[in-house]
Amino acid sequence: MKKHYDVIVIGVGSMGAATCSHLARRKISVLGLEQFDIPHNRGAHHGLSRMIRQSYYEHADYVPLLKRSYELWHELEDETDCKILTLNGGLYIGPADGEIVKGSLQSAREHHLPHQHMDRSAIAERFPQFSLPDHFEALFEENAGFVVPELAVGSHVELALRHGAELHGHEAVHDWTSNASGVTVTTHQGTYQADRLVITAGAWSARLLESLGIPLSVTRQVLAWTTPRQAEAFAPERFPCWFIETEPGFGHYGFPILPGQPGFKSALHKPSRIVDPDTVERDPLPE
Ligand SMILES: Cc1cc2nc3c(=O)[nH]c(=O)nc-3n(C[C@H](O)[C@H](O)[C@H](O)COP(=O)(O)OP(=O)(O)OC[C@H]3O[C@@H](n4cnc5c(N)ncnc54)[C@H](O)[C@@H]3O)c2cc1C
């Protein structure tokens with residue numbers, strides 16, 4: 001007989017693992033299905049650091065959600081005895097009239113978030129690691145830092161299992177259908193039924209959402225680790241998470257050197273060419 005759940009979650013990455021743990025804690029019977037290992041290195045939860053900040057340049061309306069997320073990260077850390085969040089500060093740099101500095105200031109002021117508005121000489125004095133154009137300014141926020149995404153997934157999974165969730169790794173979902181009595185989900189190993197379905201399939205979502213007519217495109221994102229000559233100047237105690245706006249709304253961002261890592265991570269925040277997540281070239285290219 002097909003087993004019936006309250007909820008099936010397709011994809012146990014950042015969002016799916018959190019969904020499974022929060023549902024299970026509310027005593028909702030949940031099945032999480034993941035096509036690879038949990039966690040793994042092909043999804044959006046790979047790479048050891050994800051920046052977290054409150055003075056959101058994107059829009060001040062995000063701030064209450066971000067404050068709540070900090071509470072939830074701390075709760076997760078307490079419940080799993082695992083350090084996931086490090087608040088080593090965030091420095092958002094760009095032209096004074098650019099989106100990053102203006103937007104971050106707007107959020108900080110509207111929500112009374114602690115912050116420092118710095119001109120170029122103040123940045124140079126406190127963070128000599130940066131060499132910036134004269135017209136650049138920054139907002140520094142102490143209450144920013146990074147989450148370790150693999151630990152976030154692992155901790156949510158631990159909690160989900162503790163509260164009775166059923167999680168299957170290496171079980172890709174091929175198809176799902178719905179009718180008035182619920183949803184049916186098919187994998188190469190079986191068929192499962194539930195009242196509700198949550199699709200948290202990240203870069204693979206387009207295929208699963210095709211029948212709903214939701215168009216999504218996936219772009220290749222490249223990360224780099226750089227070993228500086230003076231590594232001690234890039235330790236989390238001295239070097240913040242940072243974002244430099246190099247064109248409106250886009251730019252480069254990076255992290256301090258994390259324990260056990262040979263250098264600091266940096267990347268470009270901008271969509272690049274459209275790819276298929278199953279066939280994307282994962283090695284560095286000359287471009
Ligand atoms: C390079 C990079 C840098 C980023 N930096 C930041 C940052 O600094 N700060 C920040 O806040 N956010 C950042 N993000 C965004 C953040 O990491 C993502 O929003 C988040 O990880 C997305 O989680 P997800 O669950 O949607 O995807 P994933 O974690 O990839 O999870 C999706 C899961 O679904 C599984 N799946 C897919 N299809 C199926 C199927 N058919 N059957 C079973 N399983 C399936 C996949 O294998 C995968 O494990 C970054 C993202 C990237 C890619």
# chains A, B, ... in the order shown; residues from 1 in each chain; ligands from 1

$ residues_around --residues "Asp195 of chain A" --least-positions-apart "2" --cutoff "6 Å" --atoms "only C-alpha atoms" --output "PyMOL selection string"
chain A and resi 6-7+182

$ write_last_selection --atoms "all heavy atoms" --output "short mmCIF file (atom, residue, chain, number, x, y, z; two decimals), in the first residue's frame"
data_model
loop_
_atom_site.label_atom_id
_atom_site.label_comp_id
_atom_site.auth_asym_id
_atom_site.auth_seq_id
_atom_site.Cartn_x
_atom_site.Cartn_y
_atom_site.Cartn_z
N ASP A 6 1.36 13.88 5.54
CA ASP A 6 0.71 15.20 5.47
C ASP A 6 1.35 16.02 4.35
O ASP A 6 0.67 16.67 3.57
CB ASP A 6 0.89 15.95 6.81
CG ASP A 6 0.11 15.28 7.95
OD1 ASP A 6 -0.92 14.65 7.66
OD2 ASP A 6 0.55 15.38 9.11
N VAL A 7 2.70 16.00 4.32
CA VAL A 7 3.42 16.83 3.34
C VAL A 7 4.60 16.05 2.75
O VAL A 7 5.31 15.35 3.48
CB VAL A 7 3.98 18.12 4.02
CG1 VAL A 7 4.73 18.98 3.00
CG2 VAL A 7 2.89 18.93 4.69
N GLY A 182 -5.38 15.15 -2.96
CA GLY A 182 -3.99 15.36 -2.56
C GLY A 182 -3.01 15.24 -3.72
O GLY A 182 -3.37 15.48 -4.88
#

$ residues_near_ligand --ligand "ligand 1" --cutoff "7 Å" --atoms "only C-alpha atoms and all ligand atoms" --output "number ranges by chain"
A: 10-16, 33-36, 38-40, 43-45, 49-52, 171-174, 200-205, 208, 221-223

$ write_last_selection --atoms "N, CA and C atoms" --output "tab-separated table (two decimals), in the first residue's frame"
chain	number	residue	atom	x	y	z
A	10	ILE	N	10.01	18.08	-1.96
A	10	ILE	CA	10.93	17.62	-3.02
A	10	ILE	C	12.18	18.50	-2.99
A	11	GLY	N	13.33	17.90	-2.65
A	11	GLY	CA	14.59	18.63	-2.57
A	11	GLY	C	14.93	18.95	-1.13
A	12	VAL	N	15.98	18.29	-0.60
A	12	VAL	CA	16.36	18.54	0.80
A	12	VAL	C	17.69	19.30	0.81
A	13	GLY	N	17.63	20.55	0.29
A	13	GLY	CA	18.78	21.46	0.35
A	13	GLY	C	18.49	22.50	1.42
A	14	SER	N	18.92	23.75	1.18
A	14	SER	CA	18.73	24.81	2.20
A	14	SER	C	17.27	24.96	2.59
A	15	MET	N	16.42	25.14	1.60
A	15	MET	CA	15.01	25.43	1.88
A	15	MET	C	14.26	24.17	2.31
A	16	GLY	N	14.54	23.05	1.63
A	16	GLY	CA	13.82	21.82	1.92
A	16	GLY	C	14.15	21.27	3.30
A	33	LEU	N	12.41	14.18	-0.02
A	33	LEU	CA	13.06	13.37	-1.06
A	33	LEU	C	14.19	14.17	-1.70
A	34	GLU	N	15.39	13.63	-1.68
A	34	GLU	CA	16.57	14.33	-2.23
A	34	GLU	C	17.25	13.44	-3.26
A	35	GLN	N	17.61	14.04	-4.40
A	35	GLN	CA	18.20	13.23	-5.48
A	35	GLN	C	19.66	12.84	-5.21
A	36	PHE	N	20.38	13.65	-4.42
A	36	PHE	CA	21.80	13.37	-4.16
A	36	PHE	C	22.00	13.08	-2.67
A	38	ILE	N	22.80	14.23	1.25
A	38	ILE	CA	22.28	15.36	2.04
A	38	ILE	C	23.33	15.72	3.09
A	39	PRO	N	24.03	16.85	3.00
A	39	PRO	CA	24.06	17.79	1.88
A	39	PRO	C	24.98	17.26	0.77
A	40	HIS	N	25.10	18.04	-0.32
A	40	HIS	CA	25.98	17.64	-1.44
A	40	HIS	C	26.63	18.89	-2.04
A	43	GLY	N	24.48	21.77	-5.30
A	43	GLY	CA	23.31	22.65	-5.12
A	43	GLY	C	23.72	24.06	-4.73
A	44	ALA	N	22.73	24.81	-4.25
A	44	ALA	CA	23.00	26.20	-3.84
A	44	ALA	C	23.47	26.26	-2.39
A	45	HIS	N	23.63	25.10	-1.73
A	45	HIS	CA	24.07	25.12	-0.32
A	45	HIS	C	25.51	24.66	-0.18
A	49	SER	N	30.12	29.25	2.96
A	49	SER	CA	29.70	30.53	3.56
A	49	SER	C	28.59	31.17	2.73
A	50	ARG	N	27.61	31.73	3.43
A	50	ARG	CA	26.56	32.54	2.81
A	50	ARG	C	26.40	33.79	3.66
A	51	MET	N	26.49	34.95	3.02
A	51	MET	CA	26.43	36.20	3.77
A	51	MET	C	25.02	36.41	4.35
A	52	ILE	N	24.98	36.93	5.57
A	52	ILE	CA	23.69	37.27	6.18
A	52	ILE	C	23.81	38.68	6.73
A	171	GLU	N	17.18	9.71	-4.02
A	171	GLU	CA	15.87	9.31	-4.56
A	171	GLU	C	15.28	10.51	-5.30
A	172	ALA	N	15.54	10.55	-6.60
A	172	ALA	CA	15.07	11.68	-7.42
A	172	ALA	C	13.59	11.54	-7.73
A	173	VAL	N	12.87	12.65	-7.67
A	173	VAL	CA	11.46	12.65	-8.05
A	173	VAL	C	11.36	12.85	-9.55
A	174	HIS	N	10.61	11.96	-10.22
A	174	HIS	CA	10.45	12.08	-11.67
A	174	HIS	C	9.19	12.83	-12.04
A	200	THR	N	11.02	22.38	-3.27
A	200	THR	CA	12.19	23.21	-2.92
A	200	THR	C	13.38	22.61	-3.68
A	201	ALA	N	13.27	22.60	-4.99
A	201	ALA	CA	14.24	21.87	-5.81
A	201	ALA	C	15.34	22.78	-6.36
A	202	GLY	N	15.43	24.01	-5.88
A	202	GLY	CA	16.52	24.91	-6.26
A	202	GLY	C	16.67	25.03	-7.76
A	203	ALA	N	17.89	24.82	-8.24
A	203	ALA	CA	18.20	25.01	-9.66
A	203	ALA	C	17.46	24.01	-10.56
A	204	TRP	N	16.92	22.95	-9.97
A	204	TRP	CA	16.22	21.92	-10.75
A	204	TRP	C	14.71	22.16	-10.78
A	205	SER	N	14.25	23.28	-10.23
A	205	SER	CA	12.81	23.50	-10.05
A	205	SER	C	12.05	23.60	-11.37
A	208	LEU	N	10.18	20.53	-12.54
A	208	LEU	CA	9.07	20.12	-11.66
A	208	LEU	C	7.91	21.10	-11.71
A	221	GLN	N	27.26	30.25	-11.58
A	221	GLN	CA	27.86	31.16	-10.60
A	221	GLN	C	29.22	30.60	-10.19
A	222	VAL	N	30.23	31.42	-10.33
A	222	VAL	CA	31.60	30.95	-10.08
A	222	VAL	C	32.13	31.53	-8.77
A	223	LEU	N	32.76	30.69	-7.96
A	223	LEU	CA	33.37	31.13	-6.70
A	223	LEU	C	34.88	30.99	-6.81

$ closest_residue --among "A:Ile8, A:Ser155, A:Asp81, A:Pro240" --to "Trp176 of chain A" --atoms "only C-alpha atoms"
A:Ile8

$ residues_around --residues "segment 253-269 of chain A" --least-positions-apart "6" --cutoff "12 Å" --atoms "only C-alpha atoms" --output "PyMOL selection string"
chain A and resi 47-52+86-94+100+129-130+144-148+219-247

$ select_by_dssp --residues "segment 38-211 of chain A" --states "alpha helix (DSSP H)" --output "ChimeraX atom specification"
/A:63-80,99-110,120-126,149-162,205-208

$ residues_around --residues "Lys270 of chain A" --least-positions-apart "6" --cutoff "9 Å" --atoms "only C-alpha atoms" --output "list in words"
Gln221, Gly249, Phe250, Gly251 and His252 of chain A

$ select_by_dssp --residues "segment 113-214 of chain A" --states "strand (DSSP E or B)" --output "PDB file with C-alpha atoms, in the first residue's frame"
ATOM      1  CA  GLN A 116      28.251  53.250  10.655  1.00  0.00           C
ATOM      2  CA  HIS A 117      28.265  55.341   7.497  1.00  0.00           C
ATOM      3  CA  MET A 118      31.928  55.596   6.424  1.00  0.00           C
ATOM      4  CA  PHE A 136      33.187  55.327  -2.782  1.00  0.00           C
ATOM      5  CA  GLU A 137      31.511  55.202   0.641  1.00  0.00           C
ATOM      6  CA  ALA A 138      30.344  52.315   2.824  1.00  0.00           C
ATOM      7  CA  LEU A 139      27.884  51.218   5.431  1.00  0.00           C
ATOM      8  CA  PHE A 140      29.364  48.991   8.129  1.00  0.00           C
ATOM      9  CA  GLU A 141      26.996  46.759  10.066  1.00  0.00           C
ATOM     10  CA  GLY A 145      28.256  37.890   8.940  1.00  0.00           C
ATOM     11  CA  PHE A 146      27.894  34.463   7.433  1.00  0.00           C
ATOM     12  CA  VAL A 147      26.073  31.159   7.763  1.00  0.00           C
ATOM     13  CA  GLU A 166      11.326  10.604   6.977  1.00  0.00           C
ATOM     14  CA  LEU A 167      14.139  11.679   4.647  1.00  0.00           C
ATOM     15  CA  HIS A 168      15.377   9.741   1.611  1.00  0.00           C
ATOM     16  CA  VAL A 173      11.456  12.653  -8.048  1.00  0.00           C
ATOM     17  CA  HIS A 174      10.454  12.078 -11.669  1.00  0.00           C
ATOM     18  CA  ASP A 175       6.875  13.257 -11.597  1.00  0.00           C
ATOM     19  CA  TRP A 176       4.055  14.569  -9.432  1.00  0.00           C
ATOM     20  CA  THR A 177       0.325  14.932  -9.970  1.00  0.00           C
ATOM     21  CA  SER A 178      -2.455  16.429  -7.895  1.00  0.00           C
ATOM     22  CA  ASN A 179      -6.205  16.030  -7.581  1.00  0.00           C
ATOM     23  CA  GLY A 182      -3.986  15.359  -2.561  1.00  0.00           C
ATOM     24  CA  VAL A 183      -0.725  14.750  -4.427  1.00  0.00           C
ATOM     25  CA  THR A 184       1.050  11.678  -5.799  1.00  0.00           C
ATOM     26  CA  VAL A 185       4.824  11.764  -6.184  1.00  0.00           C
ATOM     27  CA  THR A 186       6.777   9.234  -8.241  1.00  0.00           C
ATOM     28  CA  THR A 187      10.448   8.335  -7.879  1.00  0.00           C
ATOM     29  CA  THR A 191       5.051   6.198  -5.341  1.00  0.00           C
ATOM     30  CA  TYR A 192       4.083   8.344  -2.361  1.00  0.00           C
ATOM     31  CA  GLN A 193       0.947  10.263  -1.473  1.00  0.00           C
ATOM     32  CA  ALA A 194       0.365  13.336   0.656  1.00  0.00           C
ATOM     33  CA  ASP A 195      -2.148  16.051   1.364  1.00  0.00           C
ATOM     34  CA  ARG A 196       0.287  18.732   0.262  1.00  0.00           C
ATOM     35  CA  LEU A 197       3.466  19.141  -1.755  1.00  0.00           C
ATOM     36  CA  VAL A 198       6.342  21.576  -1.218  1.00  0.00           C
ATOM     37  CA  ILE A 199       8.807  21.937  -4.109  1.00  0.00           C
TER      38      ILE A 199
END

$ atom_distance --atom1 "atom CA of Ser131 of chain A" --atom2 "atom CA of Asp97 of chain A"
19.1 Å

$ closest_residue --among "A:Ala160, A:Glu77, A:Arg207, A:Gly190" --to "Leu23 of chain A" --atoms "only C-alpha atoms"
A:Ala160

$ residues_around --residues "Cys20 of chain A" --least-positions-apart "5" --cutoff "8 Å" --atoms "only C-alpha atoms" --output "number ranges by chain"
A: 9, 30-32, 156-157, 160, 165

$ atom_distance --atom1 "atom CA of Arg53 of chain A" --atom2 "atom CA of Asp119 of chain A"
20.3 Å

$ atom_distance --atom1 "atom CA of His188 of chain A" --atom2 "atom CA of His4 of chain A"
17.6 Å
